[in-house]
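For reference, upload-v5.pdb is printed below; it contains PDB, C-alpha atoms.
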ATOM      1  CA  ALA A   1       8.735   8.555  -9.996
ATOM      2  CA  LEU A   2      10.567   6.018  -7.911
ATOM      3  CA  GLY A   3      11.430   2.481  -8.938
ATOM      4  CA  ILE A   4      12.188  -0.408  -6.630
ATOM      5  CA  THR A   5      14.262  -3.316  -7.848
ATOM      6  CA  VAL A   6      13.516  -6.959  -7.113
ATOM      7  CA  LYS A   7      16.233  -6.747  -4.442
ATOM      8  CA  GLY A   8      14.512  -3.769  -2.792
ATOM      9  CA  ARG A   9      16.845  -1.027  -4.007
ATOM     10  CA  LYS A  10      15.092   2.328  -4.458
ATOM     11  CA  ILE A  11      15.955   4.178  -7.660
ATOM     12  CA  PRO A  12      14.653   7.652  -8.473
ATOM     13  CA  LEU A  13      13.518   7.355 -12.087
ATOM     14  CA  GLY A  14      12.660  10.961 -12.816
ATOM     15  CA  PHE A  15      10.812  14.006 -11.615
ATOM     16  CA  ILE A  16       9.017  17.016 -12.951
ATOM     17  CA  GLN A  17       7.922  20.288 -11.468
ATOM     18  CA  SER A  18       4.243  20.763 -12.077
ATOM     19  CA  GLY A  19       1.478  22.860 -10.585
ATOM     20  CA  SER A  20      -0.850  19.859 -10.554
ATOM     21  CA  GLU A  21      -0.965  16.130 -11.173
ATOM     22  CA  ASN A  22      -2.423  16.532 -14.659
ATOM     23  CA  SER A  23      -2.250  13.583 -17.023
ATOM     24  CA  ARG A  24      -0.265  15.382 -19.732
ATOM     25  CA  ALA A  25       2.636  16.265 -17.434
ATOM     26  CA  ILE A  26       2.663  12.821 -15.803
ATOM     27  CA  LYS A  27       2.429  11.058 -19.169
ATOM     28  CA  GLU A  28       5.421  13.070 -20.365
ATOM     29  CA  LEU A  29       7.391  12.025 -17.271
ATOM     30  CA  LEU A  30       6.481   8.345 -17.656
ATOM     31  CA  SER A  31       7.177   8.358 -21.417
ATOM     32  CA  ASN A  32      10.590   9.898 -20.752
ATOM     33  CA  ILE A  33      11.381   7.136 -18.263
ATOM     34  CA  VAL A  34      10.341   4.484 -20.804
ATOM     35  CA  ASN A  35      12.440   6.177 -23.520
ATOM     36  CA  ARG A  36      15.436   5.990 -21.178
ATOM     37  CA  GLY A  37      15.030   2.224 -20.882
ATOM     38  CA  LEU A  38      12.422   1.287 -18.289
ATOM     39  CA  ARG A  39      11.204  -2.178 -19.179
ATOM     40  CA  TYR A  40       7.646  -2.936 -18.230
ATOM     41  CA  ASP A  41       6.696  -5.750 -20.581
ATOM     42  CA  GLU A  42       6.594  -8.224 -17.677
ATOM     43  CA  GLY A  43       4.343  -5.881 -15.701
ATOM     44  CA  LEU A  44       4.578  -3.147 -13.122
ATOM     45  CA  LEU A  45       3.017  -2.605  -9.751
ATOM     46  CA  VAL A  46       2.247   1.122  -9.683
ATOM     47  CA  VAL A  47       1.350   2.732  -6.366
ATOM     48  CA  ILE A  48      -0.584   5.990  -6.755
ATOM     49  CA  ASP A  49      -2.779   8.316  -4.771
ATOM     50  CA  GLY A  50      -6.304   9.046  -5.980
ATOM     51  CA  SER A  51      -5.253  11.492  -8.699
ATOM     52  CA  LYS A  52      -7.231  10.900 -11.878
ATOM     53  CA  GLY A  53      -4.427  12.517 -13.888
ATOM     54  CA  ILE A  54      -1.819  10.051 -12.625
ATOM     55  CA  TYR A  55      -4.196   7.142 -13.155
ATOM     56  CA  LYS A  56      -4.922   8.221 -16.739
ATOM     57  CA  ALA A  57      -1.233   8.723 -17.550
ATOM     58  CA  VAL A  58      -0.264   5.314 -16.126
ATOM     59  CA  LYS A  59      -2.978   3.601 -18.186
ATOM     60  CA  GLU A  60      -2.008   5.489 -21.366
ATOM     61  CA  VAL A  61       1.719   4.749 -21.063
ATOM     62  CA  PHE A  62       1.732   1.226 -19.607
ATOM     63  CA  GLY A  63      -1.722  -0.079 -20.536
ATOM     64  CA  ALA A  64      -2.528  -3.543 -19.259
ATOM     65  CA  HIS A  65       1.075  -3.988 -18.076
ATOM     66  CA  ALA A  66       0.375  -1.757 -15.057
ATOM     67  CA  ILE A  67      -1.343  -3.116 -11.997
ATOM     68  CA  ILE A  68      -2.460  -0.234  -9.809
ATOM     69  CA  GLN A  69      -2.420  -0.138  -6.021
ATOM     70  CA  ARG A  70      -4.190   2.920  -4.645
ATOM     71  CA  CYS A  71      -2.777   4.489  -1.503
ATOM     72  CA  VAL A  72      -4.847   3.354   1.456
ATOM     73  CA  TRP A  73      -3.695   6.353   3.544
ATOM     74  CA  HIS A  74      -5.034   8.824   0.970
ATOM     75  CA  LYS A  75      -8.249   6.797   0.675
ATOM     76  CA  ARG A  76      -8.787   6.762   4.431
ATOM     77  CA  GLU A  77      -8.068  10.471   4.832
ATOM     78  CA  ASN A  78     -10.425  11.327   1.995
ATOM     79  CA  VAL A  79     -13.231   9.286   3.541
ATOM     80  CA  LEU A  80     -12.646  10.815   6.982
ATOM     81  CA  SER A  81     -12.721  14.344   5.557
ATOM     82  CA  TYR A  82     -16.469  13.943   4.946
ATOM     83  CA  LEU A  83     -17.208  12.969   8.532
ATOM     84  CA  PRO A  84     -17.694  15.134  11.627
ATOM     85  CA  ASP A  85     -14.804  15.144  14.099
ATOM     86  CA  ASN A  86     -16.660  12.991  16.612
ATOM     87  CA  LYS A  87     -17.011  10.131  14.050
ATOM     88  CA  GLN A  88     -13.542  10.228  12.510
ATOM     89  CA  ASP A  89     -11.622   8.260  15.136
ATOM     90  CA  HIS A  90     -14.134   5.400  15.077
ATOM     91  CA  TYR A  91     -13.987   5.057  11.283
ATOM     92  CA  LYS A  92     -10.227   5.575  11.146
ATOM     93  CA  LYS A  93      -9.750   2.564  13.434
ATOM     94  CA  ARG A  94     -12.177   0.437  11.419
ATOM     95  CA  ILE A  95     -10.604   1.348   8.074
ATOM     96  CA  ASN A  96      -7.089   0.705   9.408
ATOM     97  CA  LYS A  97      -8.164  -2.660  10.802
ATOM     98  CA  ALA A  98      -9.731  -3.625   7.469
ATOM     99  CA  TYR A  99      -6.630  -2.760   5.455
ATOM    100  CA  HIS A 100      -4.434  -4.623   7.943
ATOM    101  CA  GLN A 101      -6.284  -7.881   7.295
ATOM    102  CA  ASP A 102      -4.063 -10.475   5.658
ATOM    103  CA  SER A 103      -6.649 -11.923   3.303
ATOM    104  CA  TYR A 104      -8.359 -10.180   0.428
ATOM    105  CA  ASN A 105     -11.774 -11.596   1.367
ATOM    106  CA  ASP A 106     -11.521 -10.474   5.008
ATOM    107  CA  ALA A 107     -10.317  -6.991   4.059
ATOM    108  CA  LYS A 108     -13.015  -6.576   1.421
ATOM    109  CA  SER A 109     -15.729  -7.858   3.744
ATOM    110  CA  ASP A 110     -14.691  -5.387   6.456
ATOM    111  CA  LEU A 111     -14.581  -2.520   3.956
ATOM    112  CA  LYS A 112     -18.004  -3.410   2.541
ATOM    113  CA  SER A 113     -19.378  -3.331   6.090
ATOM    114  CA  ILE A 114     -17.838   0.121   6.582
ATOM    115  CA  ILE A 115     -19.376   1.310   3.304
ATOM    116  CA  LYS A 116     -22.793   0.063   4.438
ATOM    117  CA  ASP A 117     -22.486   1.837   7.798
ATOM    118  CA  LEU A 118     -21.246   5.028   6.169
ATOM    119  CA  LYS A 119     -24.389   5.157   4.044
ATOM    120  CA  THR A 120     -26.324   6.040   7.188
ATOM    121  CA  GLU A 121     -23.657   8.498   8.364
ATOM    122  CA  ASN A 122     -22.680  10.335   5.189
ATOM    123  CA  MET A 123     -23.306   9.293   1.575
ATOM    124  CA  SER A 124     -20.258  11.223   0.312
ATOM    125  CA  ALA A 125     -18.008   9.320   2.701
ATOM    126  CA  SER A 126     -19.623   6.059   1.617
ATOM    127  CA  ARG A 127     -19.148   6.845  -2.082
ATOM    128  CA  SER A 128     -15.537   7.862  -1.444
ATOM    129  CA  MET A 129     -14.841   4.562   0.328
ATOM    130  CA  GLU A 130     -16.438   2.616  -2.517
ATOM    131  CA  GLU A 131     -14.675   4.520  -5.342
ATOM    132  CA  GLY A 132     -11.522   2.667  -6.360
ATOM    133  CA  LEU A 133     -12.057   0.065  -3.632
ATOM    134  CA  GLU A 134     -10.614  -2.819  -5.639
ATOM    135  CA  GLU A 135      -7.469  -0.836  -6.397
ATOM    136  CA  THR A 136      -6.892  -0.238  -2.686
ATOM    137  CA  LEU A 137      -6.923  -4.033  -2.303
ATOM    138  CA  THR A 138      -4.491  -4.930  -5.100
ATOM    139  CA  ILE A 139      -1.756  -6.099  -2.710
ATOM    140  CA  HIS A 140      -4.361  -8.231  -0.917
ATOM    141  CA  ARG A 141      -5.787  -9.611  -4.168
ATOM    142  CA  LEU A 142      -2.312 -10.596  -5.376
ATOM    143  CA  GLY A 143      -1.626 -12.390  -2.085
ATOM    144  CA  LEU A 144       1.370 -10.166  -1.347
ATOM    145  CA  THR A 145       0.351  -8.812   2.045
ATOM    146  CA  ASP A 146       3.113 -10.674   3.891
ATOM    147  CA  TYR A 147       5.774  -9.051   1.740
ATOM    148  CA  PHE A 148       4.457  -5.715   0.560
ATOM    149  CA  LYS A 149       1.476  -4.548   2.618
ATOM    150  CA  ARG A 150       3.493  -2.057   4.663
ATOM    151  CA  SER A 151       5.686  -0.679   1.884
ATOM    152  CA  PHE A 152       3.418  -0.723  -1.147
ATOM    153  CA  SER A 153      -0.048   0.008   0.158
ATOM    154  CA  THR A 154       0.715   3.720   0.556
ATOM    155  CA  THR A 155       2.584   6.400  -1.355
ATOM    156  CA  ASN A 156       4.775   7.143   1.711
ATOM    157  CA  ILE A 157       7.897   6.039  -0.114
ATOM    158  CA  ILE A 158       7.475   8.600  -2.912
ATOM    159  CA  GLU A 159       6.293  11.277  -0.469
ATOM    160  CA  SER A 160       9.596  10.816   1.362
ATOM    161  CA  LEU A 161      11.546  11.256  -1.874
ATOM    162  CA  ASN A 162       9.481  14.333  -2.770
ATOM    163  CA  SER A 163      10.252  15.960   0.578
ATOM    164  CA  GLN A 164      13.988  15.265   0.142
ATOM    165  CA  VAL A 165      13.938  16.871  -3.313
ATOM    166  CA  GLU A 166      11.990  19.824  -1.932
ATOM    167  CA  ARG A 167      14.518  20.351   0.889
ATOM    168  CA  TYR A 168      17.389  20.206  -1.597
ATOM    169  CA  LEU A 169      15.785  22.600  -4.077
ATOM    170  CA  LYS A 170      15.082  25.194  -1.390
ATOM    171  CA  LYS A 171      18.854  25.476  -0.967
ATOM    172  CA  VAL A 172      19.416  26.119  -4.679
ATOM    173  CA  LYS A 173      19.639  29.823  -5.502
ATOM    174  CA  CYS A 174      19.496  29.568  -9.309
ATOM    175  CA  LEU A 175      18.433  26.813 -11.695
ATOM    176  CA  ILE A 176      19.731  26.983 -15.249
TER     177      ILE A 176
END

As structure tokens, the full file:
Amino acid sequence: ALGITVKGRKIPLGFIQSGSENSRAIKELLSNIVNRGLRYDEGLLVVIDGSKGIYKAVKEVFGAHAIIQRCVWHKRENVLSYLPDNKQDHYKKRINKAYHQDSYNDAKSDLKSIIKDLKTENMSASRSMEEGLEETLTIHRLGLTDYFKRSFSTTNIIESLNSQVERYLKKVKCLI
């Protein structure tokens, strides 16, 4: 878990080693962070991938105080995984263009059009695009695209931290 202060400072809040993103392990991590003093009573913007376990844990620990932004990169890649290779580039460009819109209404309109077109291409891809759609548009809906669209619409920031931890731990010979 990585926190970002109002001034933009990145602070690792905690980590766990887990074989999966199950809700119990994530809830334990988040509860530990809260017990160590994380204040969330004024609300949190929580950026997550599509993991149901992470989503469930965030809702159980933070409740209505958490506003969730789903990772648009993970969403796009999931949608594309249902499509044949010869269709992926076309839809990748359309999805990227939609998420790069500045306004919520324009982004949602473009995404709805993609969903409609995907219904004739591949119903699984269409359903994937539709699932969690509103949560992929949280930054847009809040009117924060000018400030946060690049940094907080994907989980890249935590993926970077995870890879740094992984590189460090591979050098460790024994953990006590």

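For stretch 81-98 of chain A, the list of residues within 6 Å, based on only C-alpha atoms and with local chain neighbours fewer than 5 positions off taken out, reads Ala107, Asp110 and Ala125 of chain A.
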
* What do you get, as a ChimeraX atom specification, if you spell out every residue that the PyMOL selection byres ((chain A and resi 140) around 12) selects here? -> /A:69-70,72,98-108,133-139,141-150,152-153

* Could you spell out the hits of the PyMOL selection byres ((chain A and resi 22) around 8) on the shown file, as a list in words? ->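 The output of the PyMOL selection byres ((chain A and resi 22) around 8) on this file is Ser20, Glu21, Ser23, Arg24, Ala25, Ile26, Lys52, Gly53 and Ile54 of chain A.
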
* Given the file shown, determine the residues that the PyMOL selection byres ((chain A and resi 16) around 12) selects; report them as a PyMOL selection string. => chain A and resi 1+12-15+17-22+24-30+32-33+162+165-166

* To do: Using all atoms listed in the file, determine which residues lie at most 7 Å from A:Thr154, disregarding the query and same-chain residues fewer than 3 positions distant; provide the list as a ChimeraX atom specification.
  => /A:71-73,151

Close residues, A:Gly3 itself excluded, 10 Å, all atoms listed in the file, min 5 positions apart in chain, as an mmCIF file with C-alpha atoms, keeping the file's coordinate frame:
data_model
loop_
_atom_site.group_PDB
_atom_site.id
_atom_site.type_symbol
_atom_site.label_atom_id
_atom_site.label_comp_id
_atom_site.auth_asym_id
_atom_site.auth_seq_id
_atom_site.Cartn_x
_atom_site.Cartn_y
_atom_site.Cartn_z
ATOM 1 C CA GLY A 8 14.512 -3.769 -2.792
ATOM 2 C CA ARG A 9 16.845 -1.027 -4.007
ATOM 3 C CA LYS A 10 15.092 2.328 -4.458
ATOM 4 C CA ILE A 11 15.955 4.178 -7.660
ATOM 5 C CA PRO A 12 14.653 7.652 -8.473
ATOM 6 C CA LEU A 13 13.518 7.355 -12.087
ATOM 7 C CA GLY A 14 12.660 10.961 -12.816
ATOM 8 C CA LEU A 38 12.422 1.287 -18.289
ATOM 9 C CA LEU A 44 4.578 -3.147 -13.122
ATOM 10 C CA LEU A 45 3.017 -2.605 -9.751
ATOM 11 C CA VAL A 46 2.247 1.122 -9.683
ATOM 12 C CA ILE A 158 7.475 8.600 -2.912
#

* Quick one: distance from atom CA of A:Lys116 to atom CA of A:Val79 in Å, one decimal? ->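 Going from atom CA of A:Lys116 over to atom CA of A:Val79, I get 13.3 Å.
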
* **Point-to-point distance in Å for atom CA of A:Ser109 and atom CA of A:Val58** =>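 So the answer is 28.4 Å.
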